[in-house]
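Engineer: Let me begin by handing over the structure; questions about it come next.
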Number of protein chains: 4
Amino acid sequence: MARRAGSIGSETARDIRAAALRLFARHGYAAVSMRQIAAAVGIRAGALYNHFPTKQDILRELMVGHMEALIGAWERESFRFVDPVAALEGFVRFHIRYHLDKADAVFLAYMELRSLEPDNFRAVDRLRQYYEGCLRKILARGSADGAFTVADVPVGAMAIIAMLTGLNCWFRAGGRLGVDAIAEIYVRMALGSVGARLAAPA
Amino acid sequence: MARRAGSIGSETARDIRAAALRLFARHGYAAVSMRQIAAAVGIRAGALYNHFPTKQDILRELMVGHMEALIGAWERESFRFVDPVAALEGFVRFHIRYHLDKADAVFLAYMELRSLEPDNFRAVDRLRQYYEGCLRKILARGSADGAFTVADVPVGAMAIIAMLTGLNCWFRAGGRLGVDAIAEIYVRMALGSVGARLAAPA
Amino acid sequence: MARRAGSIGSETARDIRAAALRLFARHGYAAVSMRQIAAAVGIRAGALYNHFPTKQDILRELMVGHMEALIGAWERESFRFVDPVAALEGFVRFHIRYHLDKADAVFLAYMELRSLEPDNFRAVDRLRQYYEGCLRKILARGSADGAFTVADVPVGAMAIIAMLTGLNCWFRAGGRLGVDAIAEIYVRMALGSVGARLAAPA
Amino acid sequence: MARRAGSIGSETARDIRAAALRLFARHGYAAVSMRQIAAAVGIRAGALYNHFPTKQDILRELMVGHMEALIGAWERESFRFVDPVAALEGFVRFHIRYHLDKADAVFLAYMELRSLEPDNFRAVDRLRQYYEGCLRKILARGSADGAFTVADVPVGAMAIIAMLTGLNCWFRAGGRLGVDAIAEIYVRMALGSVGARLAAPA
DNA sequence: AATGAATGAGGGTTCATTCAT
DNA sequence: TATGAATGAACCCTCATTCAT
């Protein structure tokens, strides 16, 4: 009936985020109830509202948080790549690694855009476009210096991102191929799709 | 209070399918109520049950119907392609054209697998795998005769299908590029991704 | 689980109105739950929504309906009174009789104005002002022809209406005095309060 | 997280009383939450329970406190009136002045009797009857010495009190008439209602 | 084949209250 | 004395579904 000994708000909030992420990714935002989230955390539904004002706010926080983390992570990596071919290779490996690592968040970010209320949608969409812009910049640079043959940079970027992200739909850890092997395959396919190929290791 | 003048059962069922498809695709299965579907058709919720035993049955029928139609359509086309390169090109053009044509059904088929009850999921999944098998066969043939350089046929097939299907997420008729122009771009990218390229038109 | 044999919508709606009126009047709008109303009618809470879109709509309908009925009833009576003294006497008797007859609706109309959402409040308030206007007209006429001594017609009308309506707070049928006896007392007090008195019966 | 700098228990309790009074009067007891009260005071809901054991206790304290203060104030005035006409005039002026001064408490005392639990109701009701008895005594005295013509003293007392208290429903400071002007009107009406009139000022 | 009235479960959210801190 | 995290009950309302009509 009251605070349980040892309960700490920030930890509960973290647990709620984690439980909601997992459940939303598996069953979809609309199909998950606040009671289910609470049960996964080990509290009652009402207590969720000490940490998040509404269910929609949980979703927003998860999606915005994911996109910001994704962009931040890429920006910490991208500075290393000058050569467009290396940059595309780096982007593919980064994207696959990150997306398999945070499979639930990625899945959510692609599947539940429609569950966001207009304002939240705009915020997330802006971030998503920014991330896609990172790939477009690489393609544009490679296109300009002749490394890539890209008929259309925006279309090419969407095609490659879709190809990579599709991984999340079927990849399961412990399957026939490991992450590295799969990343290798995708690097070759992505480079091939823009008319380039991996530089032979020196 | 009874049958509406001029109503014919099969027409109502068709209207229900169409309305449900549209609504499920836009808002998600879980987020659409039987009342919404009924309202879109112009009847009351109770009348839906004269045509479909449950909401889940509407979903199943839509998804199975879509996959069967998709496979049927491809099989009517595929016999024409002997050469793997031509076959891949044909597959890409077919998939894009079909998917943009039936955008809602495609979207549903990819998004709502998780909303299917186990039996229905298995039925739809079997069909989906069959369709993916069609592309795998092309890649395998091209790989065998040296036309393609594919590190892993199943992975390659998934990558290409994801790339193509991703189109549905962002393509809007009337945009900067038409369907044919986009298909052209994707043909080149898909071929490139497996180390091939369009044969110069004779 | 479905419609019960013999259930008729209009009858259920009437029962809901009656039950809600009784409960709102006794416990207050905010303190009455939809489940309580449903239980009083003998149905489940969800079924209420086949008849009224929201709880607020029940309240609005009760209050608007009451005010319209009240005004309608007075207008069917008032034409009979030419003489202001007789009109005031008629008004007092009418108001008391009507208010004791429909004690719950009257109580609601005076107590739950604050529970109405803005639009609904305006609608009810307009009707209430119209009714008060009926008494103001009587006072004004009597004031003009010297029958009454009224320092301020609007204030006088409010004072008399409050006096009469206050009856509802304490009058209980079967008490020491019957309705007619009480009406007689109030007629004298109301007339006295505007400096008039009952004409001696001829 | 603990006592706020400079906070003094009795001040907080007073603030709570004031905030609850205001909110209860405006929205009704049932429609006001402990969180709203706490927010109005600038503390959290839990802290209210350091000052009042339950929400009901706040209401009881407000209502009992108001009735006791009202009775105390009248008793400090009433001794001055020997003559019944002057006493009734004094009562009217006192009641109006006091009620407009403490409009929220008065409103609460008349509106929320039904929100009191049985024991608390009895306590408040006893006080209310005592206060009404003060007016009854005046009417009885005036009736006995021929100053008033009252058909029924208890009914007359209720009628006059309702008339006066009704003021609270519509009077707004700053309106067309000031408190004194209105009190003047009500004095005349109240005296008239019992067949008396203001003595001409000597 | 359609309606309209019902159910029982459950939705998101708020409530008064408790209690470790 | 105040906070913030929790409870369990209840809130209004919507759900898929049923069935008399």
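By order of appearance in the structure tokens: chains A, B, ..., then residues from 1 within every chain, and ligands from 1 in the order shown.
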List as a ChimeraX atom specification the protein and nucleic acid residues near Tyr110 (chain D), meaning an atom at most 12 Å away when only C-alpha atoms (C1' of nucleotides) are counted, but skip any in the same chain fewer than 5 places from it.

Structural biologist: /C:111,166,169-170 /D:24-25,28,63,66-67,99,103-105,115-116,121,124-125,128,161-162,165-166,168-169

Engineer: Please run DSSP on the backbone and report, as an NGL selection string, all residues within chain D that come out as helix (DSSP H, G or I).

Structural biologist: :D and (9-27 or 29-31 or 34-41 or 45-48 or 55-78 or 84-101 or 103-111 or 113-115 or 118-144 or 153-170 or 179-193)

Engineer: Hey, what's within 12 Å of Ser10 (chain C) if we count only C-alpha atoms (C1' of nucleotides) and toss same-chain stuff fewer than 3 positions away? As a list of chain:residue names, please?

Structural biologist: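 The neighbour list is C:Gly6, C:Ser7, C:Ala13, C:Arg14, C:Asp15, C:Ile16, C:Arg17, C:Asn50, C:His51, C:Phe52, E:DG4, E:DA5.
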
Engineer: Could the residues of chain E within 6 Å of chain B, counting only C-alpha atoms (C1' of nucleotides), be given as a PyMOL selection string, please?

Structural biologist: chain E and resi 1-3

Engineer: Output as a compact mmCIF listing (two decimals) with N, CA and C atoms, in the first residue's frame the set of chain D residues within 8 Å of chain C, with distances taken over only C-alpha atoms.

Structural biologist:
# COMPACT_ATOMS: atom_id res chain seq x y z
N ARG D 26 -16.07 25.59 -5.17
CA ARG D 26 -16.17 25.78 -6.61
C ARG D 26 -16.57 24.52 -7.37
N HIS D 27 -15.97 23.40 -7.00
CA HIS D 27 -16.15 22.19 -7.81
C HIS D 27 -16.91 21.08 -7.11
N ALA D 30 -16.79 15.96 -3.98
CA ALA D 30 -16.46 14.72 -4.69
C ALA D 30 -15.58 14.97 -5.90
N ALA D 31 -15.65 16.17 -6.45
CA ALA D 31 -14.93 16.45 -7.69
C ALA D 31 -13.53 17.01 -7.44
N MET D 111 -24.26 23.05 0.46
CA MET D 111 -24.19 22.12 -0.66
C MET D 111 -23.65 20.75 -0.30
N ARG D 114 -24.61 16.46 2.10
CA ARG D 114 -24.75 15.07 1.68
C ARG D 114 -23.42 14.36 1.55
N SER D 115 -22.34 15.13 1.51
CA SER D 115 -21.02 14.50 1.41
C SER D 115 -20.45 14.13 2.78
N ALA D 151 -47.87 32.69 9.53
CA ALA D 151 -48.79 31.55 9.59
C ALA D 151 -48.14 30.38 10.30
N ASP D 152 -46.84 30.21 10.06
CA ASP D 152 -46.15 29.05 10.63
C ASP D 152 -44.70 29.43 10.85
N VAL D 155 -41.85 27.17 9.11
CA VAL D 155 -41.85 27.35 7.65
C VAL D 155 -41.37 28.75 7.31
N GLY D 156 -41.83 29.71 8.02
CA GLY D 156 -41.42 31.09 7.76
C GLY D 156 -39.91 31.25 7.91
N MET D 158 -37.59 28.97 7.54
CA MET D 158 -36.91 28.34 6.42
C MET D 158 -37.03 29.18 5.16
N ALA D 159 -38.20 29.74 4.94
CA ALA D 159 -38.41 30.53 3.73
C ALA D 159 -37.49 31.75 3.72
N ILE D 160 -37.39 32.41 4.87
CA ILE D 160 -36.54 33.61 4.91
C ILE D 160 -35.07 33.23 4.76
N ILE D 161 -34.67 32.20 5.44
CA ILE D 161 -33.25 31.82 5.31
C ILE D 161 -32.91 31.42 3.89
N ALA D 162 -33.81 30.68 3.23
CA ALA D 162 -33.55 30.30 1.84
C ALA D 162 -33.45 31.53 0.96
N MET D 163 -34.35 32.47 1.19
CA MET D 163 -34.34 33.70 0.39
C MET D 163 -32.99 34.41 0.54
N LEU D 164 -32.55 34.51 1.77
CA LEU D 164 -31.29 35.23 2.02
C LEU D 164 -30.09 34.46 1.45
N THR D 165 -30.10 33.18 1.71
CA THR D 165 -28.93 32.40 1.32
C THR D 165 -28.83 32.28 -0.19
N GLY D 166 -29.98 32.33 -0.85
CA GLY D 166 -29.98 32.26 -2.31
C GLY D 166 -29.10 33.34 -2.93
N LEU D 167 -28.97 34.44 -2.20
CA LEU D 167 -28.09 35.52 -2.65
C LEU D 167 -26.74 35.00 -3.11
N ILE D 182 -28.36 45.89 -1.51
CA ILE D 182 -29.07 44.62 -1.56
C ILE D 182 -29.62 44.26 -0.19
N ILE D 185 -32.83 45.96 0.36
CA ILE D 185 -33.95 45.34 -0.36
C ILE D 185 -34.43 44.10 0.38
N TYR D 186 -33.49 43.30 0.81
CA TYR D 186 -33.87 42.05 1.48
C TYR D 186 -34.52 42.32 2.83
N ARG D 188 -36.45 44.79 3.55
CA ARG D 188 -37.85 45.13 3.26
C ARG D 188 -38.65 43.89 2.88
N MET D 189 -38.03 43.04 2.03
CA MET D 189 -38.76 41.85 1.58
C MET D 189 -39.02 40.89 2.74
N ALA D 190 -38.01 40.73 3.59
CA ALA D 190 -38.17 39.79 4.70
C ALA D 190 -39.23 40.30 5.66
N LEU D 191 -39.16 41.59 5.98
CA LEU D 191 -40.18 42.16 6.86
C LEU D 191 -41.55 42.04 6.21
N GLY D 192 -41.62 42.37 4.94
CA GLY D 192 -42.90 42.25 4.23
C GLY D 192 -43.44 40.84 4.28
N SER D 193 -42.56 39.90 4.16
CA SER D 193 -43.02 38.52 4.10
C SER D 193 -43.66 38.07 5.40
N VAL D 194 -43.35 38.75 6.49
CA VAL D 194 -44.01 38.41 7.74
C VAL D 194 -44.97 39.54 8.16
N GLY D 195 -45.37 40.32 7.20
CA GLY D 195 -46.40 41.32 7.45
C GLY D 195 -45.94 42.52 8.25

Engineer: Give me, as a tab-separated table, each residue of chain F that comes within 9 Å of chain A, together with its shortest interatomic pair and the distance in Å at one decimal, counting only C-alpha atoms (C1' of nucleotides), with rows ordered by chain and rising residue number.

Structural biologist:
residue	atom	partner	partner_atom	distance
F:DG4	C1'	A:Gly9	CA	7.8
F:DA5	C1'	A:Arg3	CA	4.8
F:DA6	C1'	A:Arg3	CA	4.1
F:DT7	C1'	A:Met1	CA	3.8
F:DG8	C1'	A:Met1	CA	7.7

Engineer: Write the selection just made, keeping N, CA, C and O atoms (P, O5', C5', C4', C3', O3' and C1' of nucleotides), as an mmCIF file, in the first residue's frame?

Structural biologist:
data_model
loop_
_atom_site.group_PDB
_atom_site.id
_atom_site.type_symbol
_atom_site.label_atom_id
_atom_site.label_comp_id
_atom_site.auth_asym_id
_atom_site.auth_seq_id
_atom_site.Cartn_x
_atom_site.Cartn_y
_atom_site.Cartn_z
ATOM 1 P P DG F 4 9.450 15.099 -4.705
ATOM 2 O "O5'" DG F 4 9.336 13.518 -4.793
ATOM 3 C "C5'" DG F 4 10.425 12.752 -4.299
ATOM 4 C "C4'" DG F 4 10.059 11.293 -4.370
ATOM 5 C "C3'" DG F 4 9.299 10.890 -5.619
ATOM 6 O "O3'" DG F 4 9.580 9.523 -5.806
ATOM 7 C "C1'" DG F 4 7.945 10.453 -3.828
ATOM 8 P P DA F 5 9.806 8.857 -7.148
ATOM 9 O "O5'" DA F 5 9.320 7.378 -6.835
ATOM 10 C "C5'" DA F 5 10.003 6.643 -5.828
ATOM 11 C "C4'" DA F 5 9.077 5.592 -5.299
ATOM 12 C "C3'" DA F 5 8.286 4.856 -6.387
ATOM 13 O "O3'" DA F 5 8.324 3.480 -6.097
ATOM 14 C "C1'" DA F 5 6.813 5.713 -4.764
ATOM 15 P P DA F 6 7.972 2.461 -7.195
ATOM 16 O "O5'" DA F 6 6.593 1.883 -6.639
ATOM 17 C "C5'" DA F 6 6.601 1.077 -5.486
ATOM 18 C "C4'" DA F 6 5.291 1.144 -4.759
ATOM 19 C "C3'" DA F 6 4.061 0.650 -5.500
ATOM 20 O "O3'" DA F 6 3.972 -0.756 -5.361
ATOM 21 C "C1'" DA F 6 3.611 2.506 -4.036
ATOM 22 P P DT F 7 2.884 -1.549 -6.139
ATOM 23 O "O5'" DT F 7 1.623 -1.348 -5.189
ATOM 24 C "C5'" DT F 7 1.720 -1.703 -3.822
ATOM 25 C "C4'" DT F 7 0.397 -1.412 -3.144
ATOM 26 C "C3'" DT F 7 -0.785 -2.097 -3.826
ATOM 27 O "O3'" DT F 7 -1.497 -2.798 -2.834
ATOM 28 C "C1'" DT F 7 -1.198 0.235 -3.576
ATOM 29 P P DG F 8 -2.047 -4.235 -3.149
ATOM 30 O "O5'" DG F 8 -3.575 -3.885 -3.376
ATOM 31 C "C5'" DG F 8 -4.276 -3.346 -2.271
ATOM 32 C "C4'" DG F 8 -5.546 -2.694 -2.760
ATOM 33 C "C3'" DG F 8 -6.334 -3.538 -3.778
ATOM 34 O "O3'" DG F 8 -7.669 -3.310 -3.422
ATOM 35 C "C1'" DG F 8 -5.914 -1.450 -4.694
#

Engineer: Can you pull out the residues contacting DA16 (chain F)? Cut-off 10 Å, using only C-alpha atoms (C1' of nucleotides), and skip same-chain residues under 2 positions away; I want them as a list in words.

Structural biologist: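 Counting only C-alpha atoms (C1' of nucleotides), the residues come to Ser33, Met34, Arg35, Ala45, Gly46, Thr54 and Lys55 of chain B; DA9 of chain E; DT14 and DT18 of chain F.
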
Engineer: Report, in Å to a single decimal, how far apart CA of Arg172 (chain B) and CA of Val41 (chain B) are.

Structural biologist: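 CA of Val41 (chain B) sits 25.6 Å away from CA of Arg172 (chain B).
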
Engineer: Residues at most 9 Å from Ala20 (chain D), counting only C-alpha atoms (C1' of nucleotides), excluding those fewer than 6 positions away in the same chain, as JSON, numbers by chain?

Structural biologist: {"D": [29, 32, 34, 36, 37, 38, 40, 58, 59, 62]}
